[in-house]
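Enquirer: Structure supplied as structure-v3.cif; contents: mmCIF, C-alpha atoms.
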data_structure
loop_
_atom_site.label_atom_id
_atom_site.label_comp_id
_atom_site.auth_asym_id
_atom_site.auth_seq_id
_atom_site.Cartn_x
_atom_site.Cartn_y
_atom_site.Cartn_z
CA MET O 1315 95.59 195.51 50.19
CA HIS O 1316 92.00 194.30 50.66
CA VAL O 1317 91.46 190.56 51.20
CA LEU O 1318 87.97 189.09 51.01
CA PHE O 1319 87.26 185.71 52.65
CA VAL O 1320 84.28 183.53 51.74
CA HIS O 1321 83.13 180.77 54.09
CA ARG O 1322 79.72 179.39 54.96
CA ALA O 1323 80.35 179.17 58.73
CA GLY O 1324 81.90 182.41 59.94
CA SER O 1325 85.65 182.57 59.51
CA GLY O 1326 85.92 178.75 59.72
CA GLN O 1327 89.38 177.50 58.87
CA PHE O 1328 90.51 181.07 58.12
CA ALA O 1329 90.23 182.43 61.69
CA ALA O 1330 93.96 182.46 62.51
CA LEU O 1331 94.88 183.68 59.03
CA ILE O 1332 92.39 186.54 59.29
CA ALA O 1333 93.74 187.53 62.71
CA SER O 1334 97.30 187.60 61.37
CA LEU O 1335 96.34 189.73 58.37
CA VAL O 1336 94.46 192.21 60.55
CA ALA O 1337 97.48 192.44 62.87
CA GLN O 1338 99.60 193.33 59.82
CA GLY O 1339 97.24 196.16 58.88
CA VAL O 1340 95.58 194.39 55.95
CA GLU O 1341 91.97 195.30 55.20
CA VAL O 1342 89.81 192.19 55.64
CA SER O 1343 86.21 191.43 54.73
CA LEU O 1344 84.27 188.21 55.25
CA ILE O 1345 81.22 186.96 53.36
CA THR O 1346 79.40 184.24 55.30
CA GLU O 1347 76.04 182.57 55.75
CA ARG O 1348 76.48 181.98 59.49
CA PRO O 1349 78.22 185.00 61.02
CA GLY O 1350 80.37 184.51 64.07
CA GLN O 1351 81.39 186.98 66.73
CA GLU O 1352 82.38 190.39 65.49
CA GLN O 1353 86.14 190.58 65.01
CA PRO O 1354 88.00 193.90 65.27
CA GLY O 1355 89.23 194.93 61.85
CA VAL O 1356 86.94 192.52 59.97
CA SER O 1357 83.87 193.63 58.03
CA GLN O 1358 81.27 190.84 57.89
CA LEU O 1359 78.71 190.63 55.08
CA VAL O 1360 75.98 188.03 55.58
CA TYR O 1361 74.03 186.22 52.87
CA SER O 1362 71.05 183.87 53.04
CA VAL O 1363 70.06 181.06 50.69
CA GLU O 1364 66.42 180.55 49.73
CA GLU O 1365 64.97 177.13 50.48
CA THR O 1366 63.67 175.27 47.44
CA SER O 1367 62.61 171.76 46.55
CA THR O 1368 64.49 170.42 43.56
CA ARG O 1369 62.90 167.89 41.21
CA HIS O 1370 65.88 165.55 41.05
CA PRO O 1371 67.48 164.33 44.34
CA ALA O 1372 70.97 164.30 42.83
CA LEU O 1373 70.66 168.05 42.21
CA ALA O 1374 69.81 169.08 45.79
CA ALA O 1375 73.36 170.03 46.75
CA THR O 1376 74.08 171.53 43.34
CA GLU O 1377 71.04 173.80 43.57
CA TYR O 1378 72.06 174.92 47.05
CA HIS O 1379 75.56 175.67 45.71
CA LEU O 1380 74.11 177.63 42.80
CA ARG O 1381 71.92 179.72 45.07
CA THR O 1382 74.85 180.26 47.42
CA GLY O 1383 76.98 181.43 44.50
CA GLU O 1384 74.28 183.90 43.46
CA ALA O 1385 73.87 185.25 47.00
CA VAL O 1386 77.61 185.67 47.46
CA ALA O 1387 77.95 187.30 44.03
CA ARG O 1388 75.39 189.95 45.00
CA LEU O 1389 77.53 190.94 47.99
CA MET O 1390 80.65 190.88 45.83
CA GLU O 1391 78.94 193.27 43.41
CA ARG O 1392 78.29 195.61 46.32
CA LEU O 1393 81.96 195.51 47.31
CA LYS O 1394 83.05 195.96 43.72
CA SER O 1395 81.31 199.32 43.54
CA THR O 1396 82.56 200.60 46.90
CA ASP O 1397 85.75 198.80 47.94
CA PRO O 1398 86.85 196.03 45.54
CA PRO O 1399 89.09 193.34 47.05
CA ASP O 1400 92.53 192.58 45.65
CA VAL O 1401 92.40 188.93 46.74
CA VAL O 1402 89.49 186.58 47.35
CA LEU O 1403 90.20 183.47 49.42
CA GLY O 1404 87.31 181.08 49.90
CA HIS O 1405 86.16 177.55 50.59
CA ILE O 1406 85.22 176.04 47.22
CA GLY O 1407 82.94 173.29 48.53
CA TRP O 1408 79.65 175.18 49.03
CA GLY O 1409 79.38 177.35 45.94
CA GLY O 1410 80.67 180.58 47.43
CA LEU O 1411 83.30 181.08 44.73
CA LEU O 1412 81.12 179.84 41.88
CA PHE O 1413 80.70 183.29 40.30
CA ALA O 1414 83.65 185.09 41.89
CA ARG O 1415 85.57 185.34 38.61
CA ASP O 1416 82.51 186.71 36.81
CA THR O 1417 81.84 189.26 39.54
CA LEU O 1418 85.39 190.31 40.45
CA PRO O 1419 87.42 189.73 37.28
CA ASP O 1420 90.39 191.78 38.50
CA ALA O 1421 90.79 190.06 41.88
CA ALA O 1422 93.15 187.16 42.49
CA LEU O 1423 91.22 184.02 43.50
CA ILE O 1424 92.62 181.47 45.97
CA GLY O 1425 90.57 178.39 46.83
CA TYR O 1426 90.53 176.25 49.96
CA CYS O 1427 90.06 172.65 48.79
CA GLU O 1428 88.78 170.67 51.76
CA TYR O 1429 87.15 167.61 50.26
CA TYR O 1430 86.36 166.17 46.84
CA TYR O 1431 83.70 163.48 46.98
CA ARG O 1432 84.36 160.10 45.38
CA SER O 1433 82.24 156.97 45.17
CA THR O 1434 85.20 154.59 45.64
CA GLY O 1435 88.25 154.62 47.91
CA SER O 1436 86.70 157.19 50.19
CA ASP O 1437 84.05 157.72 52.86
CA LEU O 1438 81.12 156.63 50.70
CA ASP O 1439 82.19 153.01 50.15
CA PHE O 1440 84.36 152.52 53.25
CA GLY O 1441 83.65 149.18 54.90
CA MET O 1442 80.94 148.26 52.41
CA SER O 1443 80.85 144.76 50.96
CA ASP O 1444 78.19 145.63 48.38
CA PRO O 1445 78.63 148.19 45.59
CA VAL O 1446 77.56 151.75 46.32
CA PRO O 1447 74.01 152.27 44.97
CA ALA O 1448 73.91 154.13 41.69
CA ALA O 1449 71.81 156.94 43.15
CA ASP O 1450 74.51 157.66 45.76
CA ARG O 1451 77.25 157.60 43.12
CA TYR O 1452 75.34 160.09 41.01
CA ARG O 1453 74.63 162.29 44.02
CA VAL O 1454 78.26 162.65 45.11
CA ARG O 1455 79.45 163.24 41.55
CA MET O 1456 76.98 166.10 41.18
CA ARG O 1457 78.00 167.42 44.59
CA ASN O 1458 81.41 168.19 43.10
CA ALA O 1459 80.03 170.29 40.24
CA ALA O 1460 80.46 173.67 41.91
CA GLN O 1461 83.98 172.78 43.04
CA LEU O 1462 85.07 171.89 39.52
CA LEU O 1463 83.62 175.09 38.07
CA ALA O 1464 85.36 177.14 40.76
CA LEU O 1465 88.67 175.31 40.34
CA ASP O 1466 88.68 176.25 36.67
CA THR O 1467 88.77 179.95 37.60
CA LEU O 1468 91.31 179.98 40.45
CA ASP O 1469 94.77 181.51 40.44
CA ALA O 1470 95.90 179.23 43.27
CA ALA O 1471 94.50 176.64 45.66
CA TYR O 1472 95.51 174.58 48.66
CA ALA O 1473 94.33 171.58 50.67
CA PRO O 1474 95.11 170.82 54.34
CA THR O 1475 96.62 167.34 53.82
CA GLN O 1476 98.25 165.38 51.02
CA TRP O 1477 95.44 162.83 50.99
CA GLN O 1478 92.75 165.50 50.71
CA ARG O 1479 94.68 166.98 47.77
CA GLN O 1480 94.92 163.55 46.15
CA GLN O 1481 91.13 163.23 46.16
CA TYR O 1482 90.87 165.96 43.53
CA PRO O 1483 91.11 165.07 39.81
CA ALA O 1484 94.67 164.77 38.49
CA ALA O 1485 94.10 167.60 36.02
CA TYR O 1486 93.66 170.05 38.93
CA ARG O 1487 96.14 168.64 41.45
CA LYS O 1488 99.14 170.48 40.01
CA ARG O 1489 97.58 173.80 41.02
CA ILE O 1490 96.66 172.61 44.56
CA ALA O 1491 99.37 173.08 47.18
CA VAL O 1492 99.29 171.41 50.61
CA CYS O 1493 99.20 173.58 53.71
CA HIS O 1494 97.36 172.85 56.93
CA ASP O 1495 95.37 175.53 58.77
CA GLY O 1496 97.93 175.28 61.56
CA ILE O 1497 97.99 174.31 65.23
CA ASP O 1498 98.93 176.71 68.03
CA THR O 1499 101.70 174.62 69.58
CA THR O 1500 102.36 177.26 72.23
CA PHE O 1501 98.86 176.85 73.64
CA CYS O 1502 98.52 173.16 72.76
CA ARG O 1503 101.31 171.66 74.85
CA SER O 1504 101.86 169.22 77.65
CA ASP O 1505 101.40 170.47 81.21
CA ALA O 1506 102.36 168.36 84.21
CA GLU O 1507 100.26 170.66 86.43
CA ALA O 1508 97.08 170.42 84.35
CA SER O 1509 93.81 169.25 85.86
CA PHE O 1510 90.34 168.54 84.51
CA VAL O 1511 87.19 168.45 86.63
CA LEU O 1512 84.50 165.96 85.62
CA PRO O 1513 80.80 166.86 85.99
CA ASP O 1514 80.59 164.70 89.12
CA GLY O 1515 83.47 166.58 90.76
CA ARG O 1516 86.26 164.06 90.22
CA VAL O 1517 89.55 165.70 89.32
CA LEU O 1518 91.76 164.21 86.62
CA VAL O 1519 95.47 164.98 86.43
CA PRO O 1520 98.35 163.66 84.32
CA GLY O 1521 98.76 160.04 85.36
CA SER O 1522 95.05 159.45 85.92
CA PRO O 1523 93.81 156.28 84.14
CA VAL O 1524 91.68 158.20 81.63
CA VAL O 1525 90.92 157.26 78.02
CA THR O 1526 89.52 160.08 75.90
CA PHE O 1527 87.50 160.33 72.69
CA VAL O 1528 86.48 163.59 70.97
CA ALA O 1529 84.26 164.34 67.97
CA ARG O 1530 81.96 167.21 67.03
CA ASP O 1531 79.09 164.71 66.95
CA LEU O 1532 79.16 161.08 68.06
CA ASP O 1533 78.58 159.37 64.75
CA PRO O 1534 79.90 156.40 62.72
CA TYR O 1535 82.05 158.63 60.50
CA ARG O 1536 84.30 159.30 63.48
CA GLY O 1537 84.15 155.72 64.75
CA TYR O 1538 82.08 156.30 67.88
CA PRO O 1539 80.40 152.85 67.78
CA GLN O 1540 83.80 151.17 67.40
CA PHE O 1541 85.22 153.17 70.29
CA MET O 1542 82.32 152.25 72.57
CA ARG O 1543 82.68 148.55 71.82
CA ALA O 1544 86.41 148.71 72.51
CA ALA O 1545 85.70 150.64 75.73
CA ALA O 1546 83.31 147.89 76.84
CA ILE O 1547 86.08 145.31 76.39
CA LEU O 1548 88.52 147.44 78.39
CA ALA O 1549 85.99 148.30 81.09
CA ALA O 1550 85.45 144.61 81.83
CA ARG O 1551 89.18 144.03 82.28
CA HIS O 1552 90.21 147.30 83.95
CA PRO O 1553 87.67 148.51 86.54
CA ASP O 1554 89.80 151.57 87.34
CA LEU O 1555 89.73 153.05 83.82
CA ILE O 1556 87.82 156.28 83.27
CA PHE O 1557 86.37 156.96 79.83
CA VAL O 1558 85.64 160.57 78.86
CA VAL O 1559 83.78 161.21 75.60
CA ILE O 1560 83.21 164.68 74.16
CA GLY O 1561 80.63 165.15 71.40
CA GLY O 1562 77.07 166.06 70.61
CA ASP O 1563 74.07 163.97 69.60
CA GLY O 1564 73.66 165.41 66.11
CA ALA O 1565 73.79 163.35 62.93
CA GLY O 1566 77.32 164.61 62.28
CA TYR O 1567 78.65 163.75 58.85
CA GLY O 1568 76.35 160.78 58.39
CA ARG O 1569 72.62 160.28 58.43
CA PRO O 1570 70.34 160.10 61.50
CA ARG O 1571 69.47 156.66 62.80
CA SER O 1572 66.19 155.24 61.52
CA ASP O 1573 64.95 154.61 65.08
CA ASP O 1574 65.34 158.30 66.07
CA ASN O 1575 67.77 157.41 68.86
CA SER O 1576 71.14 159.14 69.02
CA TRP O 1577 74.26 157.04 68.56
CA ARG O 1578 75.11 157.79 72.19
CA GLU O 1579 71.81 156.29 73.36
CA ALA O 1580 72.14 153.31 71.04
CA MET O 1581 75.73 152.49 72.00
CA CYS O 1582 75.14 152.92 75.74
CA ALA O 1583 72.27 150.48 75.42
CA GLU O 1584 74.31 148.04 73.34
CA THR O 1585 77.42 148.07 75.55
CA GLY O 1586 75.73 148.49 78.92
CA LEU O 1587 78.51 150.84 79.99
CA GLY O 1588 76.18 153.37 81.57
CA GLU O 1589 77.98 155.36 84.23
CA ARG O 1590 81.41 154.00 83.27
CA ILE O 1591 81.38 156.45 80.34
CA VAL O 1592 81.40 160.18 81.06
CA HIS O 1593 79.66 161.88 78.15
CA ILE O 1594 80.07 165.64 77.82
CA PRO O 1595 78.33 167.24 74.80
CA TRP O 1596 80.58 170.27 74.47
CA LEU O 1597 83.68 171.85 75.99
CA SER O 1598 85.26 175.25 75.64
CA TYR O 1599 88.53 175.15 73.74
CA GLU O 1600 90.54 175.82 76.88
CA LYS O 1601 88.91 172.91 78.73
CA LEU O 1602 89.38 170.62 75.73
CA ILE O 1603 93.10 171.28 75.78
CA ARG O 1604 93.20 170.57 79.53
CA LEU O 1605 91.47 167.26 78.85
CA PHE O 1606 94.15 166.37 76.30
CA GLN O 1607 96.82 167.33 78.83
CA VAL O 1608 95.53 164.80 81.38
CA SER O 1609 94.64 162.03 78.92
CA ALA O 1610 96.50 158.75 79.35
CA ALA O 1611 95.35 157.49 75.93
CA HIS O 1612 93.40 159.37 73.29
CA VAL O 1613 91.44 157.54 70.59
CA TYR O 1614 90.90 159.13 67.16
CA LEU O 1615 88.99 157.15 64.57
CA THR O 1616 87.66 158.20 61.19
CA VAL O 1617 86.54 156.79 57.89
CA PRO O 1618 88.62 158.18 55.00
CA PHE O 1619 87.49 161.80 55.26
CA VAL O 1620 88.52 165.27 56.39
CA LEU O 1621 91.17 165.26 59.13
CA SER O 1622 90.01 166.78 62.42
CA TRP O 1623 92.00 169.54 64.09
CA SER O 1624 91.48 167.67 67.37
CA LEU O 1625 93.91 164.91 66.34
CA LEU O 1626 96.75 167.36 65.82
CA GLU O 1627 95.82 169.39 68.91
CA ALA O 1628 95.93 166.21 71.00
CA MET O 1629 99.32 165.27 69.55
CA ALA O 1630 100.64 168.79 70.21
CA CYS O 1631 99.60 168.32 73.85
CA GLY O 1632 101.73 165.18 73.97
CA CYS O 1633 98.81 162.76 73.88
CA LEU O 1634 99.45 159.11 73.21
CA VAL O 1635 97.06 158.69 70.29
CA ILE O 1636 95.58 155.42 69.11
CA GLY O 1637 94.27 156.17 65.64
CA SER O 1638 92.45 154.28 62.93
CA ASP O 1639 94.51 152.73 60.17
CA THR O 1640 92.79 154.96 57.59
CA GLU O 1641 93.59 158.00 55.47
CA PRO O 1642 94.44 160.71 56.25
CA VAL O 1643 95.31 159.53 59.79
CA LYS O 1644 98.17 157.43 58.39
CA GLU O 1645 99.61 160.59 56.87
CA VAL O 1646 100.12 161.95 60.39
CA ILE O 1647 100.59 158.93 62.67
CA ARG O 1648 103.36 156.40 62.04
CA ASP O 1649 102.52 153.26 63.97
CA GLY O 1650 104.95 152.69 66.84
CA SER O 1651 106.82 155.92 66.11
CA ASN O 1652 104.57 158.83 67.14
CA GLY O 1653 101.39 156.94 68.00
CA LEU O 1654 99.60 153.64 67.50
CA LEU O 1655 97.23 152.51 64.75
CA ALA O 1656 94.43 149.94 64.74
CA PRO O 1657 92.03 148.75 62.02
CA PHE O 1658 88.87 150.85 62.07
CA HIS O 1659 86.43 147.93 62.30
CA GLU O 1660 88.34 145.66 64.71
CA GLU O 1661 87.19 146.72 68.16
CA ALA O 1662 89.04 143.91 69.97
CA LEU O 1663 92.35 144.93 68.41
CA LEU O 1664 91.62 148.59 69.17
CA ALA O 1665 91.09 147.64 72.82
CA GLU O 1666 94.41 145.74 72.82
CA ARG O 1667 96.25 148.75 71.42
CA ILE O 1668 94.75 151.04 74.06
CA ALA O 1669 95.74 148.58 76.76
CA GLU O 1670 99.24 148.36 75.26
CA ALA O 1671 99.56 152.13 75.42
CA LEU O 1672 98.50 152.23 79.06
CA ALA O 1673 100.73 149.34 80.14
CA GLN O 1674 104.05 150.52 78.72
CA PRO O 1675 105.18 153.82 80.29
CA ALA O 1676 108.51 153.94 78.46
CA LEU O 1677 106.85 153.46 75.09
CA ALA O 1678 104.20 156.00 76.02
CA ARG O 1679 106.80 158.67 76.82
CA SER O 1680 108.57 158.11 73.52
CA LEU O 1681 105.35 158.24 71.48
CA ARG O 1682 104.10 161.34 73.30
CA ARG O 1683 107.34 163.21 72.65
CA ALA O 1684 107.40 162.20 68.99
CA ALA O 1685 103.74 163.17 68.55
CA ARG O 1686 104.39 166.74 69.62
CA GLU O 1687 107.54 166.92 67.50
CA THR O 1688 105.49 165.85 64.46
CA VAL O 1689 103.04 168.71 64.90
CA ILE O 1690 105.78 171.28 65.49
CA ALA O 1691 107.66 170.13 62.38
CA SER O 1692 104.76 169.99 59.93
CA TYR O 1693 101.66 171.71 61.33
CA GLU O 1694 102.85 174.58 63.53
CA ARG O 1695 100.49 177.51 63.06
CA GLU O 1696 102.92 180.34 62.49
CA ARG O 1697 104.68 178.54 59.66
CA CYS O 1698 101.39 177.55 58.04
CA ILE O 1699 100.03 181.10 58.29
CA ASP O 1700 103.27 182.62 56.96
CA ARG O 1701 102.98 180.40 53.90
CA GLN O 1702 99.36 181.34 53.30
CA ILE O 1703 100.11 185.05 53.68
CA GLY O 1704 102.96 184.61 51.23
CA TRP O 1705 100.47 183.41 48.60
CA ILE O 1706 98.11 186.29 49.34
CA ARG O 1707 100.86 188.89 48.98
CA GLN O 1708 102.21 187.20 45.86
CA PHE O 1709 98.89 187.57 44.08
CA GLY O 1710 97.57 190.71 45.75
CA GLU O 1711 100.45 193.15 45.57
#
Output the structure of this file as structure tokens.
Expert:
Amino acid sequence: MHVLFVHRAGSGQFAALIASLVAQGVEVSLITERPGQEQPGVSQLVYSVEETSTRHPALAATEYHLRTGEAVARLMERLKSTDPPDVVLGHIGWGGLLFARDTLPDAALIGYCEYYYRSTGSDLDFGMSDPVPAADRYRVRMRNAAQLLALDTLDAAYAPTQWQRQQYPAAYRKRIAVCHDGIDTTFCRSDAEASFVLPDGRVLVPGSPVVTFVARDLDPYRGYPQFMRAAAILAARHPDLIFVVIGGDGAGYGRPRSDDNSWREAMCAETGLGERIVHIPWLSYEKLIRLFQVSAAHVYLTVPFVLSWSLLEAMACGCLVIGSDTEPVKEVIRDGSNGLLAPFHEEALLAERIAEALAQPALARSLRRAARETVIASYERERCIDRQIGWIRQFGE
């Protein structure tokens, strides 16, 4: 059996699935725009998308998706003539599967449905008191065009969480299953002997008074400004607390600030925290897990949007997580049962919940244990991968 994966950024969410298929002797190819490290047993085909200027701003994403679909289709045509795949599994959000059915009519198509954009009840209008401008509503509706065209051709599809599935139109939901990418709960686990060395040489261990925050980029989508304001409240009351923030200075999922400052620079200036906050732009995966293992309280905030792996990895490590009372966080964290929740925009209440977590050791132990149990029960990698491979074999053999 030959399985072809399509993803803009290397193997992306498919990395563990690809590794499992290769280990089982399955032939695997990957079409990508941004190739990652070479993987034994995986043939990578790289495409590029020409830069153009579209006349209508609402069509910018759609044109990129169209050009992506054309570029991917050309590589699919090459495979079709030499080694046609039995199954194509791809992310439907960037146009990669747009012409898969036209190019590979005999292959089974499985789509990864990460996020369907909506103008209400989602990231676009979250926290807004005024209506979303018409231009933004039109833009996000057009951004879904390639997804809808791809969905119409798929044999099967899945989304990582129930809420992400629910974002898709009702007419398509019945063909979208729910299956997370999976968390390695053997590697992501608690460790009483863990230690983490800060850039200044201080060593953190389990029991250290450390509050952690992690995001790919420190932006409003992941609640970085709210975290910093809550940290300022806590710092004034608890001089011994250490705050460790992991994340880059990119725009992230939002837009760059109009003053050209990063959100890190802006929030450090606003809060005056300065050296009380340890900012680290990037960590290796192994060091990130060690940080989770020593964290006394981990904060995860997000507008209603894609769920980060880091939340589940932290929970698998037995972190006491204080999360935002937003979807899809509420799908994972049950307040007072396996973590704590706080309203996204109420920094004072967020600070209180963090303080509550740090002040009640018995509650903390119970929440930490339940957090890991939640991940093992519903997001453990081997079970998720087994389910995904089951779909592939069902359609490909």
Enquirer: Atom CA of Phe1557 of chain O and atom CA of Gly1588 of chain O, how far apart in Å?
Expert: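 Computing the Euclidean distance for atom CA of Gly1588 of chain O and atom CA of Phe1557 of chain O yields 10.9 Å.
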Enquirer: Considering all atoms listed in the file, can you say which of O:Gln1327, O:Thr1417, O:Ser1638, O:Thr1396 comes closest to Ala1665 of chain O?
Expert: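 Closest to Ala1665 of chain O, using all atoms listed in the file: O:Ser1638.
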Enquirer: Atom CA of Leu1344 of chain O and atom CA of Ser1325 of chain O are how many Å apart?
Expert: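 Pair atom CA of Leu1344 of chain O / atom CA of Ser1325 of chain O returns 7.2 Å.
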Enquirer: Once the PyMOL selection byres ((chain O and resi 1410) around 6) is applied to the coordinates I shared, what remains selected? I want it as a list of chain:residue names.
Expert: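 Listing what the PyMOL selection byres ((chain O and resi 1410) around 6) selects in the shown file: O:Thr1382, O:Gly1383, O:Val1386, O:Trp1408, O:Gly1409, O:Leu1411, O:Leu1412.
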Enquirer: So what do you get for atom CA of Ser1651 of chain O versus atom CA of Ala1685 of chain O, distance-wise?
Expert: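 So the answer is 8.2 Å.
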Enquirer: Would you kindly translate the PyMOL selection byres ((chain O and resi 1476) around 12) into the concrete residues it picks from this file, as a list in words?
Expert: Cys1427, Glu1428, Tyr1429, Tyr1472, Ala1473, Pro1474, Thr1475, Trp1477, Gln1478, Arg1479, Gln1480, Gln1481, Tyr1482, Arg1487, Ile1490, Ala1491, Val1492, Cys1493, His1494, Val1620, Leu1621, Glu1641, Pro1642, Val1643, Lys1644, Glu1645, Val1646 and Ser1692 of chain O
Enquirer: Would you kindly return, as a ChimeraX atom specification, each protein, DNA or RNA residue with an atom no farther than 9 Å from any atom of Pro1534 of chain O, considering all atoms listed in the file and excluding same-chain residues fewer than 6 positions away?
Expert: /O:1540,1566-1568,1577,1616-1617
Enquirer: Can you pull out the residues contacting Met1542 of chain O? Cut-off 9 Å, using all atoms listed in the file, and skip same-chain residues under 3 positions away; I want them as a ChimeraX atom specification.
Expert: /O:1537-1539,1545-1547,1581-1582,1585,1587,1591,1661
Enquirer: Output the residue selection produced by the PyMOL selection byres ((chain O and resi 1323) around 8) on the file above, formatted as a ChimeraX atom specification.
Expert: /O:1321-1322,1324-1326,1346-1350
